[in-house]
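Below is work01.cif, holding mmCIF, C-alpha atoms and all ligand atoms; chains and numbers go by the auth columns.
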```
data_query
loop_
_atom_site.group_PDB
_atom_site.id
_atom_site.type_symbol
_atom_site.label_atom_id
_atom_site.label_comp_id
_atom_site.label_asym_id
_atom_site.label_seq_id
_atom_site.Cartn_x
_atom_site.Cartn_y
_atom_site.Cartn_z
_atom_site.B_iso_or_equiv
_atom_site.auth_seq_id
_atom_site.auth_asym_id
ATOM 1 C CA MET A 1 112.679 100.833 86.841 0.00 1 A
ATOM 2 C CA SER A 2 112.844 103.430 89.504 0.00 2 A
ATOM 3 C CA ARG A 3 110.120 105.977 90.084 0.00 3 A
ATOM 4 C CA THR A 4 110.257 108.381 92.940 0.00 4 A
ATOM 5 C CA LYS A 5 106.689 109.576 92.624 0.00 5 A
ATOM 6 C CA TYR A 6 103.317 107.931 92.307 0.00 6 A
ATOM 7 C CA ASP A 7 102.402 107.273 88.678 0.00 7 A
ATOM 8 C CA GLU A 8 99.030 106.083 87.357 0.00 8 A
ATOM 9 C CA ASP A 9 100.959 103.827 84.977 0.00 9 A
ATOM 10 C CA CYS A 10 103.247 102.318 87.601 0.00 10 A
ATOM 11 C CA PRO A 11 102.299 98.615 87.809 0.00 11 A
ATOM 12 C CA GLY A 12 103.508 98.379 91.404 0.00 12 A
ATOM 13 C CA CYS A 13 101.174 101.170 92.424 0.00 13 A
ATOM 14 C CA ARG A 14 98.108 99.163 91.508 0.00 14 A
ATOM 15 C CA PRO A 15 96.744 97.431 94.598 0.00 15 A
ATOM 16 C CA VAL A 16 96.288 93.667 94.306 0.00 16 A
ATOM 17 C CA ALA A 17 94.502 91.005 96.306 0.00 17 A
ATOM 18 C CA ILE A 18 95.963 87.571 96.941 0.00 18 A
ATOM 19 C CA ASP A 19 94.051 84.310 96.637 0.00 19 A
ATOM 20 C CA MET A 20 94.560 82.770 100.079 0.00 20 A
ATOM 21 C CA LYS A 21 94.355 79.237 98.641 0.00 21 A
ATOM 22 C CA THR A 22 97.033 79.631 95.994 0.00 22 A
ATOM 23 C CA GLY A 23 99.008 82.633 97.257 0.00 23 A
ATOM 24 C CA ARG A 24 98.765 84.156 93.789 0.00 24 A
ATOM 25 C CA PRO A 25 97.242 87.492 92.723 0.00 25 A
ATOM 26 C CA LEU A 26 93.559 87.346 91.828 0.00 26 A
ATOM 27 C CA PRO A 27 92.333 87.970 88.278 0.00 27 A
ATOM 28 C CA ASP A 28 90.980 91.447 87.515 0.00 28 A
ATOM 29 C CA ASP A 29 87.398 90.174 87.220 0.00 29 A
ATOM 30 C CA HIS A 30 87.316 88.711 90.750 0.00 30 A
ATOM 31 C CA PRO A 31 84.817 90.570 93.005 0.00 31 A
ATOM 32 C CA MET A 32 87.609 91.524 95.415 0.00 32 A
ATOM 33 C CA MET A 33 89.660 93.034 92.577 0.00 33 A
ATOM 34 C CA ARG A 34 86.610 94.993 91.420 0.00 34 A
ATOM 35 C CA THR A 35 86.200 96.321 94.953 0.00 35 A
ATOM 36 C CA LEU A 36 89.893 97.236 95.086 0.00 36 A
ATOM 37 C CA ALA A 37 89.670 99.087 91.783 0.00 37 A
ATOM 38 C CA ALA A 38 86.433 100.903 92.656 0.00 38 A
ATOM 39 C CA ILE A 39 87.821 102.208 95.934 0.00 39 A
ATOM 40 C CA TRP A 40 91.196 103.009 94.331 0.00 40 A
ATOM 41 C CA GLN A 41 89.368 105.297 91.880 0.00 41 A
ATOM 42 C CA LYS A 42 87.975 107.303 94.788 0.00 42 A
ATOM 43 C CA THR A 43 91.279 107.313 96.679 0.00 43 A
ATOM 44 C CA GLY A 44 92.964 110.689 96.907 0.00 44 A
ATOM 45 C CA PRO A 45 96.534 111.529 95.783 0.00 45 A
ATOM 46 C CA LEU A 46 97.796 111.605 99.371 0.00 46 A
ATOM 47 C CA HIS A 47 96.878 107.955 99.929 0.00 47 A
ATOM 48 C CA LYS A 48 98.009 106.904 96.463 0.00 48 A
ATOM 49 C CA ALA A 49 101.422 108.515 96.963 0.00 49 A
ATOM 50 C CA ALA A 50 101.747 106.810 100.344 0.00 50 A
ATOM 51 C CA PHE A 51 100.733 103.456 98.840 0.00 51 A
ATOM 52 C CA HIS A 52 103.396 103.894 96.146 0.00 52 A
ATOM 53 C CA ARG A 53 106.097 104.693 98.702 0.00 53 A
ATOM 54 C CA VAL A 54 105.193 101.609 100.747 0.00 54 A
ATOM 55 C CA THR A 55 104.777 99.087 97.915 0.00 55 A
ATOM 56 C CA CYS A 56 107.190 100.346 95.258 0.00 56 A
ATOM 57 C CA LEU A 57 109.858 102.062 97.321 0.00 57 A
ATOM 58 C CA ASN A 58 109.572 99.779 100.361 0.00 58 A
ATOM 59 C CA ASN A 59 109.154 102.806 102.576 0.00 59 A
ATOM 60 C CA LYS A 60 108.477 101.944 106.211 0.00 60 A
ATOM 61 C CA SER A 61 107.432 105.379 107.416 0.00 61 A
ATOM 62 C CA MET A 62 104.696 105.138 110.019 0.00 62 A
ATOM 63 C CA LEU A 63 102.645 107.817 108.304 0.00 63 A
ATOM 64 C CA ASP A 64 102.808 106.143 104.883 0.00 64 A
ATOM 65 C CA LEU A 65 102.005 102.736 106.359 0.00 65 A
ATOM 66 C CA ALA A 66 99.035 104.215 108.217 0.00 66 A
ATOM 67 C CA LEU A 67 97.702 105.877 105.061 0.00 67 A
ATOM 68 C CA ALA A 68 98.171 102.720 102.988 0.00 68 A
ATOM 69 C CA ARG A 69 96.419 100.664 105.667 0.00 69 A
ATOM 70 C CA GLU A 70 93.486 103.082 105.646 0.00 70 A
ATOM 71 C CA TYR A 71 92.916 102.184 102.019 0.00 71 A
ATOM 72 C CA ILE A 72 93.234 98.426 102.735 0.00 72 A
ATOM 73 C CA GLN A 73 90.810 98.711 105.648 0.00 73 A
ATOM 74 C CA GLU A 74 88.297 100.494 103.444 0.00 74 A
ATOM 75 C CA VAL A 75 88.539 97.626 100.955 0.00 75 A
ATOM 76 C CA GLU A 76 88.151 95.015 103.701 0.00 76 A
ATOM 77 C CA ALA A 77 85.115 96.819 105.081 0.00 77 A
ATOM 78 C CA ALA A 78 83.563 96.990 101.617 0.00 78 A
ATOM 79 C CA ALA A 79 84.281 93.296 100.965 0.00 79 A
ATOM 80 C CA LYS A 80 82.777 92.206 104.268 0.00 80 A
ATOM 81 C CA GLY A 81 79.776 89.966 103.781 0.00 81 A
ATOM 82 C CA ASP A 82 80.979 88.931 100.337 0.00 82 A
ATOM 83 C CA PRO A 83 81.177 85.117 100.493 0.00 83 A
ATOM 84 C CA GLN A 84 84.126 85.096 98.094 0.00 84 A
ATOM 85 C CA GLY A 85 85.924 87.629 100.232 0.00 85 A
ATOM 86 C CA ASP A 86 86.961 84.987 102.745 0.00 86 A
ATOM 87 C CA ASP A 87 89.477 83.521 100.349 0.00 87 A
ATOM 88 C CA ALA A 88 90.906 86.825 99.195 0.00 88 A
ATOM 89 C CA LYS A 89 93.115 89.319 100.965 0.00 89 A
ATOM 90 C CA PRO A 90 94.112 92.785 99.793 0.00 90 A
ATOM 91 C CA THR A 91 97.831 93.229 100.217 0.00 91 A
ATOM 92 C CA LEU A 92 100.457 95.932 100.492 0.00 92 A
ATOM 93 C CA GLN A 93 102.994 93.840 98.577 0.00 93 A
HETATM 94 ZN ZN ZN B . 104.636 102.845 92.170 0.00 101 A
#
```

What does the file become when written as structure tokens?
Amino acid sequence: MSRTKYDEDCPGCRPVAIDMKTGRPLPDDHPMMRTLAAIWQKTGPLHKAAFHRVTCLNNKSMLDLALAREYIQEVEAAAKGDPQGDDAKPTLQ
């Protein structure tokens, strides 16, 4: 599968968080995943397209990485203070 543009249906475009204990993606009902999804809904097309280029197309452009990190940082800020957040990490993979 090769997509050149961001697509709402592209599975690789959906941000995921990793369980730091197991190294596996968290289930959708984990608080961190809910935070990821809530912020993703508010994320604009510019950031979504950048996220897609970084995660799906393995693009290493500084601008795209910076935009994708902005989203991750927003998630980390929102998850701060959540006791379950310590074991979970949003990822660009
Ligand atoms: Zn994608």

As a quick test: using only C-alpha atoms and all ligand atoms, which residues lie no more than 7 Å away from ligand ZN 101 (chain A)? Give them as a list in words. Arg3, Tyr6, Asp7, Cys10, Pro11, Gly12, Cys13, His52, Arg53, Thr55 and Cys56 of chain A

May I ask which of the residues A:Arg34, A:Lys42, A:Pro15, A:Ala49 is the closest one to Ile72 of chain A, counting only C-alpha atoms?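 Nearest to Ile72 of chain A: A:Pro15.
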
Kindly give the distance, in Å, that separates atom CA of Asp87 of chain A and atom CA of Ala50 of chain A, rounded to a single decimal.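 Those two atoms sit 26.3 Å apart.
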
How far is it from atom CA of Met62 of chain A to atom CA of Leu46 of chain A, in Å with one decimal? 14.2 Å

Between atom CA of Pro90 of chain A and atom CA of Leu57 of chain A, distance in Å (one decimal): 18.4 Å

Ranking A:Pro25, A:Glu8, A:Lys48, A:Ala78 by minimum distance to Asp64 of chain A and counting all atoms listed in the file, which one comes first?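 Answer, going by the shortest atom-to-atom distance: A:Lys48.
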
Report as a short mmCIF file (atom, residue, chain, number, x, y, z; two decimals) with C-alpha atoms, in the coordinates of the input the full result of the PyMOL selection byres (((chain A and resi 17) around 6) and not hetatm) when it is applied to this structure.
```cif
data_model
loop_
_atom_site.label_atom_id
_atom_site.label_comp_id
_atom_site.auth_asym_id
_atom_site.auth_seq_id
_atom_site.Cartn_x
_atom_site.Cartn_y
_atom_site.Cartn_z
CA VAL A 16 96.29 93.67 94.31
CA ILE A 18 95.96 87.57 96.94
CA PRO A 25 97.24 87.49 92.72
CA LEU A 26 93.56 87.35 91.83
CA LYS A 89 93.12 89.32 100.96
CA PRO A 90 94.11 92.78 99.79
CA THR A 91 97.83 93.23 100.22
#
```

Check which residues satisfy the PyMOL selection byres (((chain A and resi 71) around 9) and not hetatm) in the file shown, then give them as a ChimeraX atom specification. /A:39-40,43,47-48,51,66-70,72-76

Out of A:Asn58, A:Lys80, A:Asp86, A:Gly23, which residue has the shortest atom-to-atom distance to Thr4 of chain A when counting only C-alpha atoms? A:Asn58

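Compared by their closest atoms to Thr22 of chain A, and using only C-alpha atoms, the residues A:Ala88, A:Thr35, A:Lys5, A:Asp82 rank with A:Ala88 nearest.
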
Calculated over all atoms listed in the file, which of the candidates A:Leu63, A:Gly44, A:Val54, A:Asp19 has the smallest distance to Met32 of chain A?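 Result for the nearest residue to Met32 of chain A: A:Asp19.
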